[in-house]
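Written out below as structure tokens is the structure these notes cover.
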Amino acid sequence: MLSIEEIKLLIEKLEKVKKKDLEKLLDDNLKILKDIELAVDANNGEMIDRLDKTLDWYRKDLEMKKEKPNVDHGLYNMIQTKIFQFARTNIYNSLEIGPGNGMFSKDFRAWRSNFYLDVLGEVENKIRRRFPPLHQKHLRFYTTDKTSCDMVPKESCNFVFSWDTFVFFQKQHIKDYLKSIKNVLIEGGYCFIQYADCHYDADLEYAKRGYWNYNTKTIMQKILKKQRWEIIEMGMFRPGANYAIFRKPGKLNPVVYKSSEITLD
């Protein structure tokens with residue numbers, strides 16, 4: 001039996017290959033599939049609060065990743081190299097969403113202050129231990145209930161980073177988070193965020209077993225374009241490590257990122 005994730009992926013593929021001579025056949029099949037999708041999504045919508053990951057779930061996930069990290073040395077270096085491409089000024093601050101155990105949290109030291117936002121307040125102690133005493137004054141921690149960045153000062157950051165966090169979010173949560181992030185960024189500020197792209201088998205398998213939430217590059221592009229973000233780069237370091245780089249329109253940011261690497265599409 002097809003999972004809802006596979007149904008959604010099939011709908012997307014059929015929409016892309018739609019040709020005039022196949023229009024009726026495709027329309028008929030799309031209607032059947034979309035009816036199924038709507039029925040499942042309607043049911044999921046009513047249960048959305050119960051389907052969300054709980055705070056205890058996130059705690060257990062972090063404990064598991066302490067024993068078995070899901071980012072190895074090679075992938076870490078690729079992500080870190082990207083981060084450093086934005087570290088060309090200390091006028092503004094950085095924001096990391098979902099720092100967890102703090103794997104990347106020391107990579108923002110080039111910024112004036114380093115802001116961290118998480119649903120778990122206890123991550124602050126884990127991250128502070130990674131920094132020497134003199135750097136503690138540059139660290140600021142905020143706790144969010146779900147998708148709000150309202151506690152972070154408005155237009156205070158020129159860079160927002162998140163890895164291994166947005167893959168767990170429902171589509172509506174991603175939309176809400178991105179709207180809130182816009183208030184934090186200066187004009188021309190960048191976001192570098194991992195997302196689930198279920199066009200690929202690795203991501204689709206995570207979604208099918210309920211670990212990640214279903215998303216694709218096509219869906220992510222639609223969300224970003226509808227919210228008027230400027231999409232700079234959408235690539236993949238390796239299966240299960242898809243990312244999007246996008247920016248808030250404007251020219252206040254002294255850092256200009258240019259995509260130079262060949263990425264998988």
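Ordering of the structure tokens sets the chain letters (A, B, ...), residue numbers begin anew at 1 in every chain, and ligands are numbered from 1 in the order given.
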Find the nearest atom pair between each residue of segment 198-263 of chain A and segment 144-158 of chain A for residues within 10 Å, count only C-alpha atoms, give distances in Å to one decimal, sort rows by chain and ascending number, and present the table as a tab-separated table.
```
residue	atom	partner	partner_atom	distance
A:Arg247	CA	A:Asn158	CA	9.3
A:Lys248	CA	A:Asn158	CA	9.4
A:Leu252	CA	A:Asn158	CA	9.0
A:Asn253	CA	A:Asn158	CA	6.5
A:Pro254	CA	A:Asn158	CA	8.9
A:Val255	CA	A:Asn158	CA	8.4
```
Open item on the list: Based on the backbone DSSP call, show me all residues of segment 158-240 of chain A assigned strand (DSSP E or B), as a list of chain:residue names.
Closed with: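 Filtering segment 158-240 of chain A down to strand (DSSP E or B) leaves A:Asn158, A:Phe159, A:Val160, A:Phe161, A:Ser162, A:Leu185, A:Ile186, A:Glu187, A:Gly188, A:Gly189, A:Tyr190, A:Cys191, A:Phe192, A:Ile193, A:Gln194, A:Glu230, A:Ile231, A:Ile232, A:Glu233, A:Met234, A:Gly235, A:Met236.
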Listing only residues of segment 29-146 of chain A within 9 Å of segment 226-241 of chain A, what is the closest atom pair and its distance in Å (to one decimal) for each, using only C-alpha atoms, sorted by chain and residue number ascending, as JSON lines?
```
{"residue": "A:Leu75", "atom": "CA", "partner": "A:Phe237", "partner_atom": "CA", "distance": 7.3}
{"residue": "A:Met78", "atom": "CA", "partner": "A:Phe237", "partner_atom": "CA", "distance": 7.3}
{"residue": "A:Ile79", "atom": "CA", "partner": "A:Phe237", "partner_atom": "CA", "distance": 8.3}
```
TODO: Give me every helix (DSSP H, G or I) residue in segment 71-183 of chain A, going by DSSP on the backbone, as an MDAnalysis selection string.
DONE: chainID A and resid 73:84 105:108 123:128 133:138 166:168 171:183
Write out the residues from the selection above, keeping N, CA and C atoms, as a short mmCIF file (atom, residue, chain, number, x, y, z; two decimals), in the first residue's frame.
```
data_model
loop_
_atom_site.label_atom_id
_atom_site.label_comp_id
_atom_site.auth_asym_id
_atom_site.auth_seq_id
_atom_site.Cartn_x
_atom_site.Cartn_y
_atom_site.Cartn_z
N HIS A 73 32.35 13.46 10.23
CA HIS A 73 33.38 14.49 10.07
C HIS A 73 33.36 15.12 8.67
N GLY A 74 33.17 14.30 7.66
CA GLY A 74 33.16 14.82 6.28
C GLY A 74 32.00 15.77 6.03
N LEU A 75 30.80 15.38 6.47
CA LEU A 75 29.63 16.23 6.29
C LEU A 75 29.77 17.51 7.12
N TYR A 76 30.29 17.36 8.34
CA TYR A 76 30.49 18.54 9.18
C TYR A 76 31.39 19.57 8.49
N ASN A 77 32.47 19.11 7.89
CA ASN A 77 33.38 20.03 7.20
C ASN A 77 32.72 20.75 6.05
N MET A 78 31.85 20.05 5.30
CA MET A 78 31.16 20.69 4.18
C MET A 78 30.19 21.77 4.67
N ILE A 79 29.47 21.46 5.75
CA ILE A 79 28.53 22.44 6.30
C ILE A 79 29.29 23.63 6.88
N GLN A 80 30.34 23.34 7.61
CA GLN A 80 31.15 24.41 8.22
C GLN A 80 31.73 25.34 7.16
N THR A 81 32.20 24.78 6.06
CA THR A 81 32.75 25.61 4.98
C THR A 81 31.71 26.59 4.46
N LYS A 82 30.46 26.13 4.33
CA LYS A 82 29.38 27.02 3.90
C LYS A 82 29.16 28.14 4.92
N ILE A 83 29.12 27.76 6.20
CA ILE A 83 28.89 28.76 7.25
C ILE A 83 29.94 29.85 7.17
N PHE A 84 31.20 29.46 7.01
CA PHE A 84 32.29 30.42 7.00
C PHE A 84 32.21 31.39 5.82
N SER A 105 27.72 25.10 17.01
CA SER A 105 27.51 26.36 17.73
C SER A 105 28.76 27.21 17.88
N LYS A 106 29.95 26.61 17.78
CA LYS A 106 31.18 27.40 17.88
C LYS A 106 31.59 28.02 16.55
N ASP A 107 30.88 27.68 15.49
CA ASP A 107 31.26 28.15 14.16
C ASP A 107 30.75 29.55 13.85
N PHE A 108 30.14 30.21 14.84
CA PHE A 108 29.58 31.55 14.62
C PHE A 108 30.36 32.62 15.39
N VAL A 123 19.51 23.26 26.70
CA VAL A 123 20.64 23.20 25.78
C VAL A 123 21.63 24.34 26.04
N GLU A 124 21.19 25.38 26.73
CA GLU A 124 22.08 26.50 27.01
C GLU A 124 23.34 26.05 27.74
N ASN A 125 23.20 25.23 28.77
CA ASN A 125 24.37 24.78 29.53
C ASN A 125 25.31 23.95 28.67
N LYS A 126 24.74 23.11 27.80
CA LYS A 126 25.58 22.29 26.91
C LYS A 126 26.43 23.16 26.00
N ILE A 127 25.83 24.20 25.47
CA ILE A 127 26.54 25.05 24.51
C ILE A 127 27.53 25.97 25.21
N ARG A 128 27.15 26.52 26.35
CA ARG A 128 28.07 27.40 27.06
C ARG A 128 29.37 26.69 27.42
N PRO A 133 35.60 31.34 28.98
CA PRO A 133 34.93 32.38 29.78
C PRO A 133 34.81 33.73 29.08
N LEU A 134 35.83 34.14 28.35
CA LEU A 134 35.81 35.46 27.73
C LEU A 134 34.74 35.60 26.64
N HIS A 135 34.33 34.48 26.08
CA HIS A 135 33.34 34.55 24.98
C HIS A 135 31.90 34.46 25.49
N GLN A 136 31.71 34.15 26.77
CA GLN A 136 30.36 33.95 27.30
C GLN A 136 29.46 35.17 27.11
N LYS A 137 30.04 36.36 27.19
CA LYS A 137 29.24 37.59 27.07
C LYS A 137 28.65 37.77 25.67
N HIS A 138 29.17 37.01 24.68
CA HIS A 138 28.67 37.13 23.31
C HIS A 138 27.55 36.13 23.00
N PHE A 166 14.52 21.65 10.82
CA PHE A 166 13.36 21.86 9.96
C PHE A 166 12.87 20.57 9.31
N VAL A 167 13.69 19.53 9.32
CA VAL A 167 13.25 18.23 8.78
C VAL A 167 12.14 17.61 9.62
N PHE A 168 11.99 18.07 10.87
CA PHE A 168 10.98 17.51 11.76
C PHE A 168 9.64 18.27 11.70
N LYS A 171 4.59 21.20 7.24
CA LYS A 171 4.70 22.27 6.24
C LYS A 171 4.24 23.61 6.80
N GLN A 172 3.14 23.61 7.55
CA GLN A 172 2.63 24.86 8.12
C GLN A 172 3.61 25.44 9.13
N HIS A 173 4.26 24.59 9.87
CA HIS A 173 5.25 25.07 10.85
C HIS A 173 6.43 25.73 10.14
N ILE A 174 6.85 25.17 9.01
CA ILE A 174 7.94 25.78 8.24
C ILE A 174 7.52 27.17 7.77
N LYS A 175 6.30 27.27 7.26
CA LYS A 175 5.80 28.58 6.81
C LYS A 175 5.81 29.59 7.95
N ASP A 176 5.30 29.18 9.10
CA ASP A 176 5.23 30.09 10.25
C ASP A 176 6.62 30.50 10.72
N TYR A 177 7.53 29.54 10.76
CA TYR A 177 8.89 29.84 11.21
C TYR A 177 9.57 30.83 10.27
N LEU A 178 9.43 30.61 8.97
CA LEU A 178 10.09 31.49 8.00
C LEU A 178 9.54 32.91 8.08
N LYS A 179 8.25 33.05 8.34
CA LYS A 179 7.67 34.39 8.51
C LYS A 179 8.29 35.09 9.71
N SER A 180 8.46 34.34 10.80
CA SER A 180 9.03 34.91 12.02
C SER A 180 10.50 35.24 11.85
N ILE A 181 11.22 34.40 11.11
CA ILE A 181 12.65 34.64 10.86
C ILE A 181 12.86 35.97 10.14
N LYS A 182 11.95 36.31 9.25
CA LYS A 182 12.09 37.56 8.49
C LYS A 182 12.19 38.78 9.40
N ASN A 183 11.51 38.72 10.54
CA ASN A 183 11.57 39.85 11.48
C ASN A 183 12.92 39.97 12.16
#
```
- [ ] Calculate how many Å separate atom CA of Lys8 of chain A from atom CA of Asn242 of chain A, rounding to one decimal.
- [x]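 Going from atom CA of Lys8 of chain A over to atom CA of Asn242 of chain A, I get 18.7 Å.
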Task: Proximity to Ser94 of chain A - best of A:Trp57, A:Tyr142, A:Tyr200, A:Phe161, only C-alpha atoms - done: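 Ranked by minimum distance to Ser94 of chain A, first place goes to A:Phe161.
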